[in-house]
>>> print(open('query.cif').read())   # mmCIF, C-alpha atoms
data_my_file
#
loop_
_atom_site.group_PDB
_atom_site.id
_atom_site.type_symbol
_atom_site.label_atom_id
_atom_site.label_comp_id
_atom_site.auth_asym_id
_atom_site.auth_seq_id
_atom_site.Cartn_x
_atom_site.Cartn_y
_atom_site.Cartn_z
ATOM 1 C CA MET A 1 -40.508 23.296 26.724
ATOM 2 C CA PRO A 2 -37.456 22.859 28.969
ATOM 3 C CA PRO A 3 -34.591 25.307 28.537
ATOM 4 C CA THR A 4 -31.811 24.264 26.171
ATOM 5 C CA VAL A 5 -28.358 23.881 27.632
ATOM 6 C CA ILE A 6 -25.363 24.041 25.318
ATOM 7 C CA ARG A 7 -22.301 22.277 26.696
ATOM 8 C CA MET A 8 -18.853 23.353 25.621
ATOM 9 C CA PRO A 9 -16.216 20.665 26.192
ATOM 10 C CA ALA A 10 -13.312 21.653 28.430
ATOM 11 C CA GLY A 11 -10.844 21.963 25.557
ATOM 12 C CA ALA A 12 -13.161 23.750 23.119
ATOM 13 C CA GLY A 13 -12.114 27.293 23.896
ATOM 14 C CA GLY A 14 -8.420 26.780 24.521
ATOM 15 C CA ARG A 15 -5.942 24.405 26.111
ATOM 16 C CA GLY A 16 -7.069 25.023 29.668
ATOM 17 C CA GLY A 17 -10.709 25.460 28.750
ATOM 18 C CA HIS A 18 -10.641 29.240 29.014
ATOM 19 C CA LEU A 19 -12.242 30.923 26.032
ATOM 20 C CA ASN A 20 -9.685 33.748 25.920
ATOM 21 C CA GLU A 21 -6.612 31.498 25.876
ATOM 22 C CA GLN A 22 -4.891 31.204 22.501
ATOM 23 C CA ARG A 23 -4.124 27.658 21.390
ATOM 24 C CA SER A 24 -0.971 26.841 19.527
ATOM 25 C CA ARG A 25 -2.673 27.087 16.153
ATOM 26 C CA GLY A 26 -1.389 27.332 12.632
ATOM 27 C CA PHE A 27 1.977 26.154 11.351
ATOM 28 C CA ARG A 28 5.297 26.620 13.055
ATOM 29 C CA LEU A 29 7.727 28.193 10.599
ATOM 30 C CA GLY A 30 11.094 28.763 12.188
ATOM 31 C CA CYS A 31 10.601 30.843 15.309
ATOM 32 C CA CYS A 32 7.079 32.072 14.531
ATOM 33 C CA ARG A 33 3.635 30.731 13.710
ATOM 34 C CA VAL A 34 1.766 31.417 10.476
ATOM 35 C CA CYS A 35 -1.903 30.919 9.603
ATOM 36 C CA THR A 36 -2.954 31.079 13.244
ATOM 37 C CA CYS A 37 -6.571 31.492 12.205
ATOM 38 C CA LEU A 38 -6.642 27.833 11.109
ATOM 39 C CA ASN A 39 -7.565 25.020 13.471
ATOM 40 C CA ILE A 40 -5.123 22.398 12.173
ATOM 41 C CA ASP A 41 -6.006 20.098 15.093
ATOM 42 C CA PHE A 42 -9.433 19.573 13.514
ATOM 43 C CA VAL A 43 -8.057 18.647 10.089
ATOM 44 C CA ILE A 44 -5.863 15.896 11.540
ATOM 45 C CA SER A 45 -8.563 14.573 13.891
ATOM 46 C CA LYS A 46 -10.846 11.611 13.098
ATOM 47 C CA ASN A 47 -13.745 13.950 12.272
ATOM 48 C CA GLY A 48 -11.552 16.164 10.079
ATOM 49 C CA ILE A 49 -10.191 13.216 8.129
ATOM 50 C CA LEU A 50 -13.743 11.959 7.515
ATOM 51 C CA LYS A 51 -14.814 15.402 6.239
ATOM 52 C CA CYS A 52 -11.728 15.589 3.992
ATOM 53 C CA PHE A 53 -12.509 12.138 2.551
ATOM 54 C CA GLU A 54 -16.111 13.179 1.920
ATOM 55 C CA LEU A 55 -14.907 16.323 0.180
ATOM 56 C CA ILE A 56 -12.243 14.649 -1.970
ATOM 57 C CA LEU A 57 -14.374 11.681 -3.003
ATOM 58 C CA GLY A 58 -17.400 13.889 -3.728
ATOM 59 C CA TRP A 59 -15.227 16.210 -5.806
ATOM 60 C CA PHE A 60 -13.862 13.200 -7.705
ATOM 61 C CA CYS A 61 -17.380 11.952 -8.477
ATOM 62 C CA GLN A 62 -18.602 15.347 -9.623
ATOM 63 C CA THR A 63 -15.539 15.940 -11.800
ATOM 64 C CA MET A 64 -15.879 12.548 -13.474
ATOM 65 C CA LEU A 65 -19.600 13.126 -14.047
ATOM 66 C CA VAL A 66 -19.056 16.484 -15.707
ATOM 67 C CA GLN A 67 -15.943 15.444 -17.646
ATOM 68 C CA PHE A 68 -17.153 12.120 -19.057
ATOM 69 C CA GLY A 69 -20.900 11.934 -18.487
ATOM 70 C CA MET A 70 -22.303 15.074 -20.089
ATOM 71 C CA ASP A 71 -22.227 13.570 -23.584
ATOM 72 C CA SER A 72 -24.012 10.452 -22.357
ATOM 73 C CA ALA A 73 -26.492 12.242 -20.085
ATOM 74 C CA LYS A 74 -29.261 11.833 -22.647
ATOM 75 C CA ASP A 75 -28.602 8.064 -22.734
ATOM 76 C CA ILE A 76 -28.374 7.611 -18.967
ATOM 77 C CA GLY A 77 -31.335 9.894 -18.289
ATOM 78 C CA GLU A 78 -32.501 10.930 -14.841
ATOM 79 C CA ALA A 79 -29.889 8.770 -13.106
ATOM 80 C CA PHE A 80 -27.148 11.123 -14.308
ATOM 81 C CA TRP A 81 -28.938 14.268 -13.175
ATOM 82 C CA GLY A 82 -29.914 12.711 -9.851
ATOM 83 C CA PHE A 83 -26.327 11.741 -9.082
ATOM 84 C CA LEU A 84 -25.018 15.136 -10.185
ATOM 85 C CA THR A 85 -27.563 16.886 -7.951
ATOM 86 C CA THR A 86 -26.632 14.660 -4.996
ATOM 87 C CA CYS A 87 -22.924 15.335 -5.529
ATOM 88 C CA SER A 88 -23.413 19.080 -5.898
ATOM 89 C CA ALA A 89 -25.619 19.486 -2.838
ATOM 90 C CA PHE A 90 -23.526 17.482 -0.416
ATOM 91 C CA LEU A 91 -20.208 18.665 -1.826
ATOM 92 C CA LEU A 92 -21.195 22.293 -1.255
ATOM 93 C CA THR A 93 -22.447 21.705 2.295
ATOM 94 C CA THR A 94 -19.438 19.578 3.244
ATOM 95 C CA THR A 95 -17.116 22.285 1.904
ATOM 96 C CA ILE A 96 -18.864 24.918 4.022
ATOM 97 C CA LEU A 97 -18.775 22.692 7.122
ATOM 98 C CA LEU A 98 -15.092 21.857 6.641
ATOM 99 C CA LEU A 99 -14.246 25.528 6.169
ATOM 100 C CA CYS A 100 -16.193 26.559 9.291
ATOM 101 C CA TYR A 101 -14.734 23.749 11.382
ATOM 102 C CA THR A 102 -11.203 24.546 10.233
ATOM 103 C CA ILE A 103 -11.569 28.194 11.163
ATOM 104 C CA SER A 104 -13.539 27.839 14.412
ATOM 105 C CA ASP A 105 -13.115 25.129 17.028
ATOM 106 C CA ARG A 106 -16.242 26.360 18.816
ATOM 107 C CA THR A 107 -18.345 25.971 15.680
ATOM 108 C CA PHE A 108 -17.391 22.310 15.446
ATOM 109 C CA HIS A 109 -18.390 21.620 19.050
ATOM 110 C CA LEU A 110 -21.660 23.557 18.800
ATOM 111 C CA VAL A 111 -22.781 22.035 15.503
ATOM 112 C CA ARG A 112 -21.562 18.545 16.345
ATOM 113 C CA GLN A 113 -23.580 18.350 19.556
ATOM 114 C CA SER A 114 -26.756 19.332 17.706
ATOM 115 C CA ILE A 115 -28.726 16.837 15.639
ATOM 116 C CA PHE A 116 -27.771 18.600 12.381
ATOM 117 C CA GLU A 117 -24.651 16.500 11.717
ATOM 118 C CA VAL A 118 -26.464 13.224 12.365
ATOM 119 C CA VAL A 119 -29.349 14.113 10.043
ATOM 120 C CA TYR A 120 -27.092 15.652 7.372
ATOM 121 C CA ASN A 121 -24.655 12.745 7.260
ATOM 122 C CA GLY A 122 -27.456 10.170 7.384
ATOM 123 C CA LEU A 123 -29.284 11.863 4.531
ATOM 124 C CA ALA A 124 -26.054 12.100 2.511
ATOM 125 C CA CYS A 125 -25.421 8.392 3.092
ATOM 126 C CA ILE A 126 -28.892 7.413 1.912
ATOM 127 C CA MET A 127 -28.840 9.793 -1.063
ATOM 128 C CA TYR A 128 -25.411 8.627 -2.268
ATOM 129 C CA PHE A 129 -26.399 4.963 -1.984
ATOM 130 C CA SER A 130 -29.656 5.650 -3.808
ATOM 131 C CA ALA A 131 -28.061 7.742 -6.558
ATOM 132 C CA SER A 132 -25.223 5.220 -6.976
ATOM 133 C CA SER A 133 -27.538 2.256 -7.346
ATOM 134 C CA TYR A 134 -29.741 4.120 -9.833
ATOM 135 C CA LEU A 135 -26.716 5.276 -11.828
ATOM 136 C CA GLY A 136 -25.274 1.752 -11.739
ATOM 137 C CA PHE A 137 -28.497 0.341 -13.166
ATOM 138 C CA ALA A 138 -28.680 3.001 -15.906
ATOM 139 C CA VAL A 139 -25.013 2.641 -16.846
ATOM 140 C CA ASN A 140 -25.232 -1.133 -17.164
ATOM 141 C CA VAL A 141 -28.508 -1.085 -19.069
ATOM 142 C CA PHE A 142 -27.877 1.857 -21.430
ATOM 143 C CA LEU A 143 -24.109 2.405 -21.711
ATOM 144 C CA TYR A 144 -22.724 -1.121 -21.501
ATOM 145 C CA PRO A 145 -24.257 -2.247 -24.842
ATOM 146 C CA LYS A 146 -22.746 0.850 -26.524
ATOM 147 C CA PHE A 147 -19.411 0.092 -24.908
ATOM 148 C CA LEU A 148 -19.482 -3.476 -26.272
ATOM 149 C CA LEU A 149 -20.450 -2.206 -29.715
ATOM 150 C CA PHE A 150 -17.622 0.324 -29.793
ATOM 151 C CA LYS A 151 -15.189 -2.224 -28.343
ATOM 152 C CA THR A 152 -15.859 -4.773 -31.100
ATOM 153 C CA THR A 153 -15.621 -2.162 -33.862
ATOM 154 C CA GLY A 154 -12.370 -0.690 -32.550
ATOM 155 C CA GLY A 155 -13.797 2.603 -31.322
ATOM 156 C CA ILE A 156 -13.566 4.163 -27.891
ATOM 157 C CA HIS A 157 -16.551 4.856 -25.665
ATOM 158 C CA SER A 158 -15.074 6.415 -22.531
ATOM 159 C CA ALA A 159 -18.362 7.109 -20.754
ATOM 160 C CA TYR A 160 -18.978 3.530 -19.621
ATOM 161 C CA PRO A 161 -15.718 2.989 -17.659
ATOM 162 C CA ALA A 162 -15.876 6.508 -16.201
ATOM 163 C CA MET A 163 -19.516 6.227 -15.128
ATOM 164 C CA THR A 164 -18.797 2.789 -13.669
ATOM 165 C CA ALA A 165 -16.024 4.349 -11.578
ATOM 166 C CA VAL A 166 -18.426 7.115 -10.542
ATOM 167 C CA TYR A 167 -21.122 4.834 -9.195
ATOM 168 C CA TYR A 168 -18.547 2.703 -7.365
ATOM 169 C CA MET A 169 -17.013 5.830 -5.832
ATOM 170 C CA GLY A 170 -20.502 7.077 -4.973
ATOM 171 C CA GLY A 171 -21.029 3.913 -2.944
ATOM 172 C CA ILE A 172 -17.750 4.542 -1.139
ATOM 173 C CA VAL A 173 -18.742 8.157 -0.417
ATOM 174 C CA GLY A 174 -22.068 6.892 0.947
ATOM 175 C CA LEU A 175 -20.156 4.494 3.195
ATOM 176 C CA VAL A 176 -17.910 7.326 4.477
ATOM 177 C CA TYR A 177 -20.983 9.448 5.219
ATOM 178 C CA GLY A 178 -22.478 6.450 7.027
ATOM 179 C CA VAL A 179 -19.379 6.177 9.236
ATOM 180 C CA ASP A 180 -19.570 9.922 9.896
ATOM 181 C CA THR A 181 -23.244 9.512 10.841
ATOM 182 C CA PHE A 182 -22.288 6.878 13.396
ATOM 183 C CA VAL A 183 -19.456 9.035 14.785
ATOM 184 C CA ALA A 184 -21.740 12.092 14.982
ATOM 185 C CA TYR A 185 -24.442 10.054 16.728
ATOM 186 C CA ARG A 186 -21.946 8.774 19.306
ATOM 187 C CA HIS A 187 -20.749 12.331 19.859
ATOM 188 C CA LEU A 188 -24.331 13.537 20.225
ATOM 189 C CA LYS A 189 -25.077 10.890 22.836
ATOM 190 C CA GLY A 190 -21.848 11.672 24.696
ATOM 191 C CA PHE A 191 -20.001 8.402 24.003
ATOM 192 C CA SER A 192 -16.883 10.091 22.638
#
>>> encode(input="query.cif", output="C-alpha cells")
Amino acid sequence: MPPTVIRMPAGAGGRGGHLNEQRSRGFRLGCCRVCTCLNIDFVISKNGILKCFELILGWFCQTMLVQFGMDSAKDIGEAFWGFLTTCSAFLLTTTILLLCYTISDRTFHLVRQSIFEVVYNGLACIMYFSASSYLGFAVNVFLYPKFLLFKTTGGIHSAYPAMTAVYYMGGIVGLVYGVDTFVAYRHLKGFS
C-alpha cells in the first residue's frame, strides 16, 4: 500500500501558511479581540453556511416531529420513527462537525480532504430523501383522512399540517446535504 500524504493548504495554519502564526480570529470589540478560539472565517464561508443550514433545518424537523408528531406516531407508524432516527443521527453528527470546524481550522482541512465528508453527506442526502418520502406517504394515507374528518366537524388536528411541513423540510435538508456532497467531492478532487 502506498504511503498516505496529507496536504495542508497554504492558508490552513495561519495567514502566511505558518502553523505558529495567529490569525485574526474571534470578534473585534473596541481595541481588543474576544473569543479568539473561534474560527469565524469558517462560519461565514460557503462550507460553514451549508453546515449551519443543515443544522438549523435538521433541528427544525426534529422539533416539529417531537412537538406535533408524538401523539400521532402510532397512526403514522414506522415512518415517524425512521424520520426521527434520521434527524437525530445526522443532527448530532453535523453539530459535532460544525463545533470542531468552528474551533479548529486544521480539522476542517484534514477531514474535508478525506472521503468521510463525501460519504457522510451523501448518506445523509439519501436517508433524508428516503425518510421524507416514506413520511409523506404515511402522512397522506393515515393522517389526511383524520384531518378532513376533524376539519368538517370543527375540530383541530394539528399533526397533519405539522407533519406535512416536516416531510417537505426533510426534502429540503436532503437537498442541502446533496449540495454539500457535491462541494465536498469537488474539494476532495482538488477542484476548489
>>> closest_atom_pairs(input="query.cif", of="stretch 59-102 of chain A", to="stretch 140-143 of chain A", cutoff="9 Å", atoms="all atoms listed in the file", output="CSV")
residue,atom,partner,partner_atom,distance
A:Ser72,CA,A:Leu143,CA,8.1
A:Asp75,CA,A:Phe142,CA,6.4
A:Ile76,CA,A:Phe142,CA,6.3
>>> closest_residue(input="query.cif", among="A:Gly178, A:Gly171, A:Gly26, A:Pro3", to="A:Ala131", atoms="all atoms listed in the file")
A:Gly171
>>> residues_around(input="query.cif", residues="A:Phe53", least_positions_apart="5", cutoff="9 Å", atoms="all atoms listed in the file", output="MDAnalysis selection string")
chainID A and resid 48 58 173 176
>>> atom_distance(input="query.cif", atom1="atom CA of A:Ala138", atom2="atom CA of A:Leu91")
22.7 Å
>>> residues_near_point(input="query.cif", point="(-13.6, 29.8, 11.8)", cutoff="12 Å", atoms="all atoms listed in the file", output="ChimeraX atom specification")
/A:35-40,42,96-109
>>> resolve_selection(input="query.cif", expression="the PyMOL selection byres ((chain A and resi 169) around 9)", output="CSV table (one decimal) with C-alpha atoms, in the coordinates of the input")
chain,number,residue,atom,x,y,z
A,57,LEU,CA,-14.4,11.7,-3.0
A,58,GLY,CA,-17.4,13.9,-3.7
A,60,PHE,CA,-13.9,13.2,-7.7
A,61,CYS,CA,-17.4,12.0,-8.5
A,132,SER,CA,-25.2,5.2,-7.0
A,164,THR,CA,-18.8,2.8,-13.7
A,165,ALA,CA,-16.0,4.3,-11.6
A,166,VAL,CA,-18.4,7.1,-10.5
A,167,TYR,CA,-21.1,4.8,-9.2
A,168,TYR,CA,-18.5,2.7,-7.4
A,170,GLY,CA,-20.5,7.1,-5.0
A,171,GLY,CA,-21.0,3.9,-2.9
A,172,ILE,CA,-17.8,4.5,-1.1
A,173,VAL,CA,-18.7,8.2,-0.4
A,174,GLY,CA,-22.1,6.9,0.9
>>> closest_residue(input="query.cif", among="A:Ile56, A:Cys31, A:Ile44, A:Val183", to="A:Asn121", atoms="all atoms listed in the file")
A:Val183
>>> atom_distance(input="query.cif", atom1="atom CA of A:Ser158", atom2="atom CA of A:Thr95")
29.2 Å
>>> residues_around(input="query.cif", residues="A:Trp59", least_positions_apart="3", cutoff="9 Å", atoms="all atoms listed in the file", output="number ranges by chain")
A: 54-56, 62-64, 87-88, 91
